[in-house]
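Chemist: File follows, start-v4.cif with mmCIF, C-alpha atoms and all ligand atoms:
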data_input
loop_
_atom_site.label_atom_id
_atom_site.label_comp_id
_atom_site.auth_asym_id
_atom_site.auth_seq_id
_atom_site.Cartn_x
_atom_site.Cartn_y
_atom_site.Cartn_z
CA MET A 1 0.00 0.00 0.00
CA THR A 2 1.32 3.44 -0.90
CA PRO A 3 1.74 5.55 2.23
CA ALA A 4 -0.26 8.77 2.39
CA PRO A 5 1.87 11.75 1.35
CA THR A 6 3.30 13.62 4.30
CA PRO A 7 2.27 17.28 4.75
CA ALA A 8 5.88 18.19 3.93
CA ALA A 9 5.58 16.52 0.53
CA THR A 10 2.38 18.33 -0.42
CA ASP A 11 3.26 21.78 0.91
CA PRO A 12 5.24 23.68 -1.76
CA ASP A 13 6.89 25.77 1.00
CA ALA A 14 8.28 22.57 2.48
CA THR A 15 10.09 21.59 -0.69
CA SER A 16 11.30 24.89 -2.17
CA PRO A 17 14.78 25.97 -1.03
CA LEU A 18 15.00 27.96 2.18
CA VAL A 19 18.11 29.74 0.97
CA GLU A 20 19.33 30.44 -2.55
CA VAL A 21 22.51 32.46 -2.87
CA ARG A 22 23.73 33.34 -6.35
CA GLY A 23 26.80 35.30 -7.37
CA LEU A 24 27.16 36.87 -3.93
CA SER A 25 30.12 39.21 -3.52
CA HIS A 26 30.90 41.46 -0.58
CA TRP A 27 33.44 44.16 0.25
CA TYR A 28 34.49 45.89 3.46
CA GLY A 29 36.02 49.35 3.68
CA SER A 30 36.16 52.11 1.11
CA GLY A 31 38.66 53.82 -1.18
CA SER A 32 42.11 52.29 -1.05
CA MET A 33 41.03 50.26 2.03
CA ARG A 34 38.24 48.53 0.12
CA ARG A 35 38.73 44.80 0.29
CA GLN A 36 36.72 41.99 -1.26
CA VAL A 37 35.82 39.20 1.18
CA LEU A 38 33.23 37.20 -0.79
CA GLN A 39 33.57 36.41 -4.47
CA GLY A 40 30.64 35.04 -6.45
CA VAL A 41 29.31 32.65 -3.82
CA ASP A 42 26.53 30.21 -4.77
CA LEU A 43 24.75 28.16 -2.10
CA THR A 44 21.38 26.46 -1.73
CA ILE A 45 19.87 25.08 1.47
CA ALA A 46 16.79 22.88 1.38
CA PRO A 47 14.28 22.42 4.21
CA GLY A 48 15.60 19.94 6.76
CA GLU A 49 19.13 20.10 5.37
CA VAL A 50 22.18 20.49 7.62
CA VAL A 51 25.02 22.24 5.80
CA LEU A 52 28.39 22.62 7.48
CA LEU A 53 30.68 25.43 6.36
CA THR A 54 34.39 25.14 7.03
CA GLY A 55 37.45 27.12 5.98
CA PRO A 56 40.46 28.99 7.34
CA SER A 57 40.10 31.95 9.67
CA GLY A 58 39.25 35.18 7.86
CA CYS A 59 38.03 33.54 4.63
CA GLY A 60 34.55 35.07 4.90
CA LYS A 61 32.37 32.46 6.65
CA THR A 62 30.83 34.79 9.24
CA THR A 63 30.24 37.43 6.57
CA LEU A 64 28.27 34.89 4.53
CA LEU A 65 26.27 33.88 7.63
CA THR A 66 25.37 37.48 8.46
CA LEU A 67 24.29 38.18 4.88
CA VAL A 68 22.05 35.10 4.80
CA GLY A 69 20.76 36.11 8.25
CA ALA A 70 19.65 39.50 6.86
CA LEU A 71 21.98 41.26 9.31
CA ARG A 72 23.85 43.11 6.54
CA GLN A 73 22.83 44.67 3.32
CA VAL A 74 23.60 42.65 0.20
CA GLN A 75 25.95 44.60 -2.07
CA GLU A 76 26.18 42.39 -5.14
CA GLY A 77 24.42 39.19 -6.17
CA SER A 78 21.25 37.55 -5.00
CA VAL A 79 20.32 36.16 -1.58
CA ARG A 80 16.83 34.69 -1.44
CA VAL A 81 15.62 33.52 1.97
CA PHE A 82 12.19 31.81 2.15
CA GLY A 83 11.78 33.04 -1.45
CA GLU A 84 12.34 36.71 -0.56
CA GLU A 85 15.12 38.66 -2.25
CA LEU A 86 17.38 40.39 0.25
CA ASN A 87 19.30 42.45 -2.29
CA GLY A 88 17.57 45.81 -2.07
CA ALA A 89 15.32 44.73 0.84
CA GLY A 90 14.62 47.49 3.36
CA ARG A 91 15.16 47.38 7.10
CA SER A 92 11.61 46.32 7.96
CA ALA A 93 11.57 43.48 5.41
CA ARG A 94 14.87 42.21 6.80
CA GLN A 95 13.55 42.48 10.37
CA ARG A 96 10.45 40.49 9.41
CA LEU A 97 12.56 37.72 7.88
CA ARG A 98 14.82 37.58 10.93
CA ARG A 99 11.88 36.54 13.10
CA HIS A 100 12.07 33.15 11.36
CA ILE A 101 15.83 32.81 11.50
CA GLY A 102 17.51 31.46 14.62
CA MET A 103 21.05 32.69 15.16
CA ILE A 104 23.70 31.26 17.42
CA PHE A 105 26.78 33.42 17.20
CA GLN A 106 29.97 33.40 19.22
CA GLY A 107 29.66 35.56 22.31
CA HIS A 108 26.25 34.18 23.32
CA ASN A 109 24.45 37.57 23.40
CA LEU A 110 22.49 36.62 26.50
CA LEU A 111 20.87 39.37 28.53
CA ARG A 112 22.93 39.56 31.68
CA CYS A 113 20.11 40.60 34.00
CA LEU A 114 17.81 37.73 32.96
CA SER A 115 17.95 34.14 34.19
CA ALA A 116 18.60 31.24 31.81
CA GLU A 117 14.86 30.54 31.75
CA GLN A 118 13.98 34.16 30.99
CA ASN A 119 16.58 34.38 28.25
CA VAL A 120 15.13 31.30 26.56
CA GLN A 121 11.61 32.60 27.07
CA MET A 122 12.59 35.60 24.95
CA GLY A 123 12.96 33.13 22.09
CA SER A 124 9.42 31.81 22.48
CA ASP A 125 8.13 35.38 22.88
CA LEU A 126 8.61 35.60 19.12
CA LEU A 127 5.90 32.96 18.70
CA GLY A 128 2.62 34.80 18.80
CA GLY A 129 -0.43 33.46 20.57
CA LEU A 130 1.23 31.68 23.49
CA GLY A 131 0.40 32.60 27.07
CA TYR A 132 3.06 33.29 29.69
CA ARG A 133 2.79 29.85 31.29
CA ALA A 134 3.10 28.01 27.95
CA ARG A 135 6.14 30.07 27.01
CA ARG A 136 7.74 29.44 30.39
CA ASP A 137 7.07 25.70 30.17
CA GLN A 138 8.54 25.59 26.67
CA ALA A 139 11.61 27.48 27.84
CA ARG A 140 12.08 24.94 30.64
CA GLU A 141 11.69 22.05 28.22
CA TRP A 142 14.29 23.46 25.80
CA LEU A 143 16.69 24.01 28.69
CA ARG A 144 16.14 20.43 29.79
CA GLN A 145 16.87 19.27 26.24
CA VAL A 146 20.22 21.03 26.24
CA GLY A 147 21.02 19.54 29.66
CA LEU A 148 20.35 22.63 31.78
CA GLY A 149 17.09 21.63 33.45
CA ASP A 150 18.69 22.23 36.84
CA GLN A 151 20.07 25.69 36.00
CA LEU A 152 16.83 27.48 35.12
CA HIS A 153 17.21 30.38 37.51
CA LYS A 154 20.90 31.06 37.14
CA LEU A 155 22.08 34.35 35.69
CA PRO A 156 24.55 34.18 32.77
CA HIS A 157 27.52 35.20 34.95
CA ASP A 158 26.91 32.12 37.15
CA LEU A 159 27.13 29.79 34.15
CA SER A 160 30.23 28.43 32.42
CA GLY A 161 31.04 29.37 28.81
CA GLY A 162 29.64 26.05 27.57
CA GLN A 163 26.46 26.45 29.62
CA LYS A 164 25.92 29.96 28.26
CA GLN A 165 26.33 28.59 24.77
CA ARG A 166 23.66 25.99 25.50
CA VAL A 167 21.28 28.68 26.78
CA ALA A 168 21.87 30.59 23.53
CA ILE A 169 21.08 27.44 21.57
CA ALA A 170 17.91 26.78 23.59
CA ARG A 171 16.82 30.39 23.00
CA ALA A 172 17.31 30.04 19.24
CA LEU A 173 15.39 26.74 19.15
CA ALA A 174 12.55 28.10 21.31
CA ALA A 175 11.62 30.50 18.50
CA ARG A 176 11.06 27.48 16.22
CA PRO A 177 13.03 29.00 13.37
CA ARG A 178 12.69 27.91 9.73
CA LEU A 179 16.40 28.48 9.30
CA LEU A 180 19.15 28.24 11.89
CA LEU A 181 22.52 29.93 11.44
CA ALA A 182 25.22 28.89 13.86
CA ASP A 183 28.79 30.14 14.12
CA GLU A 184 30.99 27.60 15.91
CA PRO A 185 28.18 26.43 18.23
CA THR A 186 30.29 23.68 19.79
CA ALA A 187 33.52 25.65 20.24
CA ALA A 188 33.08 26.06 24.01
CA LEU A 189 31.64 22.60 24.65
CA ASP A 190 33.30 19.36 25.64
CA SER A 191 32.91 16.53 23.17
CA ARG A 192 29.87 14.96 24.86
CA SER A 193 27.89 18.20 25.14
CA GLY A 194 29.00 19.20 21.64
CA ARG A 195 27.59 15.96 20.30
CA GLU A 196 24.32 16.42 22.23
CA VAL A 197 23.91 19.92 20.87
CA VAL A 198 24.49 19.00 17.22
CA ASP A 199 22.20 16.00 17.55
CA LEU A 200 19.56 18.37 18.91
CA LEU A 201 20.06 20.73 15.98
CA LYS A 202 19.85 17.86 13.53
CA GLY A 203 16.67 16.59 15.20
CA LEU A 204 15.13 20.04 14.83
CA ALA A 205 16.08 20.12 11.18
CA ARG A 206 14.47 16.74 10.59
CA GLU A 207 11.29 17.25 12.62
CA GLN A 208 10.50 20.82 11.63
CA GLY A 209 12.04 21.01 8.18
CA CYS A 210 14.34 23.69 9.52
CA GLY A 211 17.51 24.28 7.46
CA VAL A 212 20.79 24.60 9.32
CA LEU A 213 23.91 26.43 8.14
CA MET A 214 26.68 25.91 10.64
CA VAL A 215 30.25 27.23 10.61
CA THR A 216 32.55 24.83 12.35
CA HIS A 217 36.17 23.83 12.72
CA ASP A 218 35.18 20.94 14.94
CA PRO A 219 36.09 17.64 13.26
CA ARG A 220 34.07 15.74 15.92
CA ILE A 221 30.77 16.91 14.47
CA LEU A 222 31.35 16.73 10.71
CA ASP A 223 29.29 13.54 10.51
CA VAL A 224 26.12 15.50 11.34
CA ALA A 225 26.25 17.19 7.94
CA ASP A 226 24.12 16.37 4.96
CA ARG A 227 26.57 18.51 3.01
CA LEU A 228 29.96 19.96 3.78
CA VAL A 229 30.99 23.11 1.93
CA GLN A 230 34.44 24.61 2.12
CA MET A 231 35.33 28.25 1.79
CA GLU A 232 38.68 29.68 0.84
CA ASP A 233 39.48 33.32 0.10
CA GLY A 234 35.80 34.21 -0.13
CA GLN A 235 34.89 31.45 -2.55
CA LEU A 236 33.13 28.16 -1.96
CA SER A 237 35.36 25.46 -3.31
CA ALA A 238 34.08 23.62 -6.36
CA GLY A 239 35.14 20.33 -4.82
CA SER A 240 32.80 20.61 -1.85
CA LEU A 241 32.43 17.21 -0.33
CA GLU A 242 28.94 15.84 -0.83
CA LEU A 243 28.06 13.67 2.11
CA VAL A 244 24.52 12.90 1.07
CA GLY A 245 24.24 9.29 0.12
CA ALA A 246 27.68 8.56 1.49
CA GLY A 247 26.33 6.99 4.63
CA TYR A 248 26.59 10.05 6.85
CA ARG A 249 22.88 10.64 7.45
N1 LIG B 301 33.05 44.81 9.81
C1 LIG B 301 34.19 44.56 9.16
N2 LIG B 301 34.92 45.57 8.64
C2 LIG B 301 36.08 45.34 7.98
N3 LIG B 301 36.59 44.11 7.78
C3 LIG B 301 35.91 43.06 8.28
C4 LIG B 301 34.67 43.24 9.00
N4 LIG B 301 34.23 42.01 9.38
C5 LIG B 301 35.13 41.13 8.92
N5 LIG B 301 36.13 41.74 8.27
C6 LIG B 301 37.28 41.10 7.60
O1 LIG B 301 36.75 40.32 6.53
C7 LIG B 301 37.44 39.07 6.43
C8 LIG B 301 36.43 37.95 6.57
O2 LIG B 301 35.94 37.94 7.91
P1 LIG B 301 34.93 36.83 8.45
O3 LIG B 301 34.68 37.15 9.89
O4 LIG B 301 33.77 36.75 7.56
O5 LIG B 301 35.83 35.52 8.32
P2 LIG B 301 35.67 34.10 9.00
O6 LIG B 301 35.98 33.09 7.95
O7 LIG B 301 34.33 34.00 9.67
O8 LIG B 301 36.82 34.11 10.11
P3 LIG B 301 36.88 33.33 11.54
O9 LIG B 301 36.89 31.86 11.22
O10 LIG B 301 38.17 33.80 12.10
O11 LIG B 301 35.70 33.78 12.34
C9 LIG B 301 38.50 39.08 7.51
O12 LIG B 301 39.72 39.49 6.93
C10 LIG B 301 38.01 40.11 8.50
O13 LIG B 301 39.10 40.73 9.16
#
Rewrite the coordinates I just gave you, this time as structure tokens.

Modeler:
Amino acid sequence: MTPAPTPAATDPDATSPLVEVRGLSHWYGSGSMRRQVLQGVDLTIAPGEVVLLTGPSGCGKTTLLTLVGALRQVQEGSVRVFGEELNGAGRSARQRLRRHIGMIFQGHNLLRCLSAEQNVQMGSDLLGGLGYRARRDQAREWLRQVGLGDQLHKLPHDLSGGQKQRVAIARALAARPRLLLADEPTAALDSRSGREVVDLLKGLAREQGCGVLMVTHDPRILDVADRLVQMEDGQLSAGSLELVGAGYR
């Protein structure tokens, strides 16, 4: 018997790419200080796909992440996120898109005066229509999932670097993003917690059709990738290693 099609298979939004980058170039500085950091980058991310981005320090990985995350204005080329063109998009359009993009950047960006639970609750505040209690319970559940169920009321300065990173991850996941951008999310974690965190991210990608673009230098987590892309001198290398179908899923 043929199984009934899943909602994901019948919903066009669930099959069209979340991210389509074409011919993306970017420069910093002006005049004689102007320097090109991205050169004609092409990248596509499908719903539910986990793409790992690696490359030497300074090659442009974070710049690419911030452009896809609608945090910077696109200078040249096309960046389509959820079908919307970011080149030429105004501030309010970019803000609207960012509500559906979870970001985990180095430095955590936690609010220092709020507890772990309250920081994570800020993530679910982005989901409309949930009462206080539901948002609080969800925040607690996400913190439990990242192994911090017993640290709910701690302030960031009472948590270790790795614990703060996990709070930041829980906060990003609590907003149920359609796309998750992560810059070295396991850098401050020991190998067991790093593994737990990437497994959590992968689970989210699978269950919710969320795409993940993750910058990493961590060889311990490369197996989580559906696709590994390598950047060098602002270009994605043509020989990017395709892991799909190679037994890595
Ligand atoms: N706001 C900025 N103004 C000027 N130059 C910048 C700016 N941000 C980054 N750069 C430069 O652009 C280049 C690319 O930086 P980017 O942070 O994207 O690289 P990266 O691959 O993420 O590096 P890392 O792995 O060290 O984080 C670097 O030479 C960096 O010094």

Chemist: Using all atoms listed in the file, can you list as a PyMOL selection string the residues within 9 Å of (31.5, 38.4, -8.4)?

Modeler: chain A and resi 23-26+38-41+76-77

Chemist: Taking all atoms listed in the file into account, list the residues no farther than 12 Å from ligand LIG 301 (chain B), as a PyMOL selection string.

Modeler: chain A and resi 25-30+33-39+53-67+71-72+105-107+182-184+187+214-218+230-236

Chemist: Emit the selected residues as a PDB file, in the frame of the given file, including C-alpha atoms.

Modeler:
ATOM      1  CA  SER A  25      30.120  39.210  -3.520  1.00  0.00           C
ATOM      2  CA  HIS A  26      30.900  41.460  -0.580  1.00  0.00           C
ATOM      3  CA  TRP A  27      33.440  44.160   0.250  1.00  0.00           C
ATOM      4  CA  TYR A  28      34.490  45.890   3.460  1.00  0.00           C
ATOM      5  CA  GLY A  29      36.020  49.350   3.680  1.00  0.00           C
ATOM      6  CA  SER A  30      36.160  52.110   1.110  1.00  0.00           C
ATOM      7  CA  MET A  33      41.030  50.260   2.030  1.00  0.00           C
ATOM      8  CA  ARG A  34      38.240  48.530   0.120  1.00  0.00           C
ATOM      9  CA  ARG A  35      38.730  44.800   0.290  1.00  0.00           C
ATOM     10  CA  GLN A  36      36.720  41.990  -1.260  1.00  0.00           C
ATOM     11  CA  VAL A  37      35.820  39.200   1.180  1.00  0.00           C
ATOM     12  CA  LEU A  38      33.230  37.200  -0.790  1.00  0.00           C
ATOM     13  CA  GLN A  39      33.570  36.410  -4.470  1.00  0.00           C
ATOM     14  CA  LEU A  53      30.680  25.430   6.360  1.00  0.00           C
ATOM     15  CA  THR A  54      34.390  25.140   7.030  1.00  0.00           C
ATOM     16  CA  GLY A  55      37.450  27.120   5.980  1.00  0.00           C
ATOM     17  CA  PRO A  56      40.460  28.990   7.340  1.00  0.00           C
ATOM     18  CA  SER A  57      40.100  31.950   9.670  1.00  0.00           C
ATOM     19  CA  GLY A  58      39.250  35.180   7.860  1.00  0.00           C
ATOM     20  CA  CYS A  59      38.030  33.540   4.630  1.00  0.00           C
ATOM     21  CA  GLY A  60      34.550  35.070   4.900  1.00  0.00           C
ATOM     22  CA  LYS A  61      32.370  32.460   6.650  1.00  0.00           C
ATOM     23  CA  THR A  62      30.830  34.790   9.240  1.00  0.00           C
ATOM     24  CA  THR A  63      30.240  37.430   6.570  1.00  0.00           C
ATOM     25  CA  LEU A  64      28.270  34.890   4.530  1.00  0.00           C
ATOM     26  CA  LEU A  65      26.270  33.880   7.630  1.00  0.00           C
ATOM     27  CA  THR A  66      25.370  37.480   8.460  1.00  0.00           C
ATOM     28  CA  LEU A  67      24.290  38.180   4.880  1.00  0.00           C
ATOM     29  CA  LEU A  71      21.980  41.260   9.310  1.00  0.00           C
ATOM     30  CA  ARG A  72      23.850  43.110   6.540  1.00  0.00           C
ATOM     31  CA  PHE A 105      26.780  33.420  17.200  1.00  0.00           C
ATOM     32  CA  GLN A 106      29.970  33.400  19.220  1.00  0.00           C
ATOM     33  CA  GLY A 107      29.660  35.560  22.310  1.00  0.00           C
ATOM     34  CA  ALA A 182      25.220  28.890  13.860  1.00  0.00           C
ATOM     35  CA  ASP A 183      28.790  30.140  14.120  1.00  0.00           C
ATOM     36  CA  GLU A 184      30.990  27.600  15.910  1.00  0.00           C
ATOM     37  CA  ALA A 187      33.520  25.650  20.240  1.00  0.00           C
ATOM     38  CA  MET A 214      26.680  25.910  10.640  1.00  0.00           C
ATOM     39  CA  VAL A 215      30.250  27.230  10.610  1.00  0.00           C
ATOM     40  CA  THR A 216      32.550  24.830  12.350  1.00  0.00           C
ATOM     41  CA  HIS A 217      36.170  23.830  12.720  1.00  0.00           C
ATOM     42  CA  ASP A 218      35.180  20.940  14.940  1.00  0.00           C
ATOM     43  CA  GLN A 230      34.440  24.610   2.120  1.00  0.00           C
ATOM     44  CA  MET A 231      35.330  28.250   1.790  1.00  0.00           C
ATOM     45  CA  GLU A 232      38.680  29.680   0.840  1.00  0.00           C
ATOM     46  CA  ASP A 233      39.480  33.320   0.100  1.00  0.00           C
ATOM     47  CA  GLY A 234      35.800  34.210  -0.130  1.00  0.00           C
ATOM     48  CA  GLN A 235      34.890  31.450  -2.550  1.00  0.00           C
ATOM     49  CA  LEU A 236      33.130  28.160  -1.960  1.00  0.00           C
TER      50      LEU A 236
END

Chemist: Select, from A:Gly209, A:Gly31, A:Gly88, A:Gly147, the residue with the minimum atom-to-atom distance to Lys164 in chain A, counting only C-alpha atoms.

Modeler: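 Result for the nearest residue to Lys164 in chain A: A:Gly147.
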
Chemist: To one decimal place, how far is CA of Asp226 in chain A from CA of Val50 in chain A in Å?

Modeler: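 Taking CA of Asp226 in chain A as the start and CA of Val50 in chain A as the end point, the length is 5.3 Å.
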
Chemist: Might you pull out every residue within 6 Å of Ala116 in chain A, with all atoms listed in the file counted and same-chain residues fewer than 3 positions away left off, and present them as JSON, numbers by chain?

Modeler: {"A": [119, 152, 153, 154]}

Chemist: Measure the distance from CA of His100 in chain A to CA of Pro47 in chain A in Å and round it to one decimal.

Modeler: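 If I compute the distance from CA of His100 in chain A to CA of Pro47 in chain A, I get 13.1 Å.
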
Chemist: To one decimal place, how far is CA of Arg136 in chain A from CA of Leu180 in chain A in Å?

Modeler: 21.8 Å

Chemist: A:Val146, A:Ala205, A:Leu213, A:Ile221: which is nearest Ser191 in chain A, counting all atoms listed in the file?

Modeler: A:Ile221

Chemist: Name the closest residue to Ala175 in chain A among the candidates A:Arg80, A:Arg220, A:Arg22, A:Arg99; distances are taken between atoms, counting only C-alpha atoms.

Modeler: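 Smallest separation from Ala175 in chain A among the options: A:Arg99.
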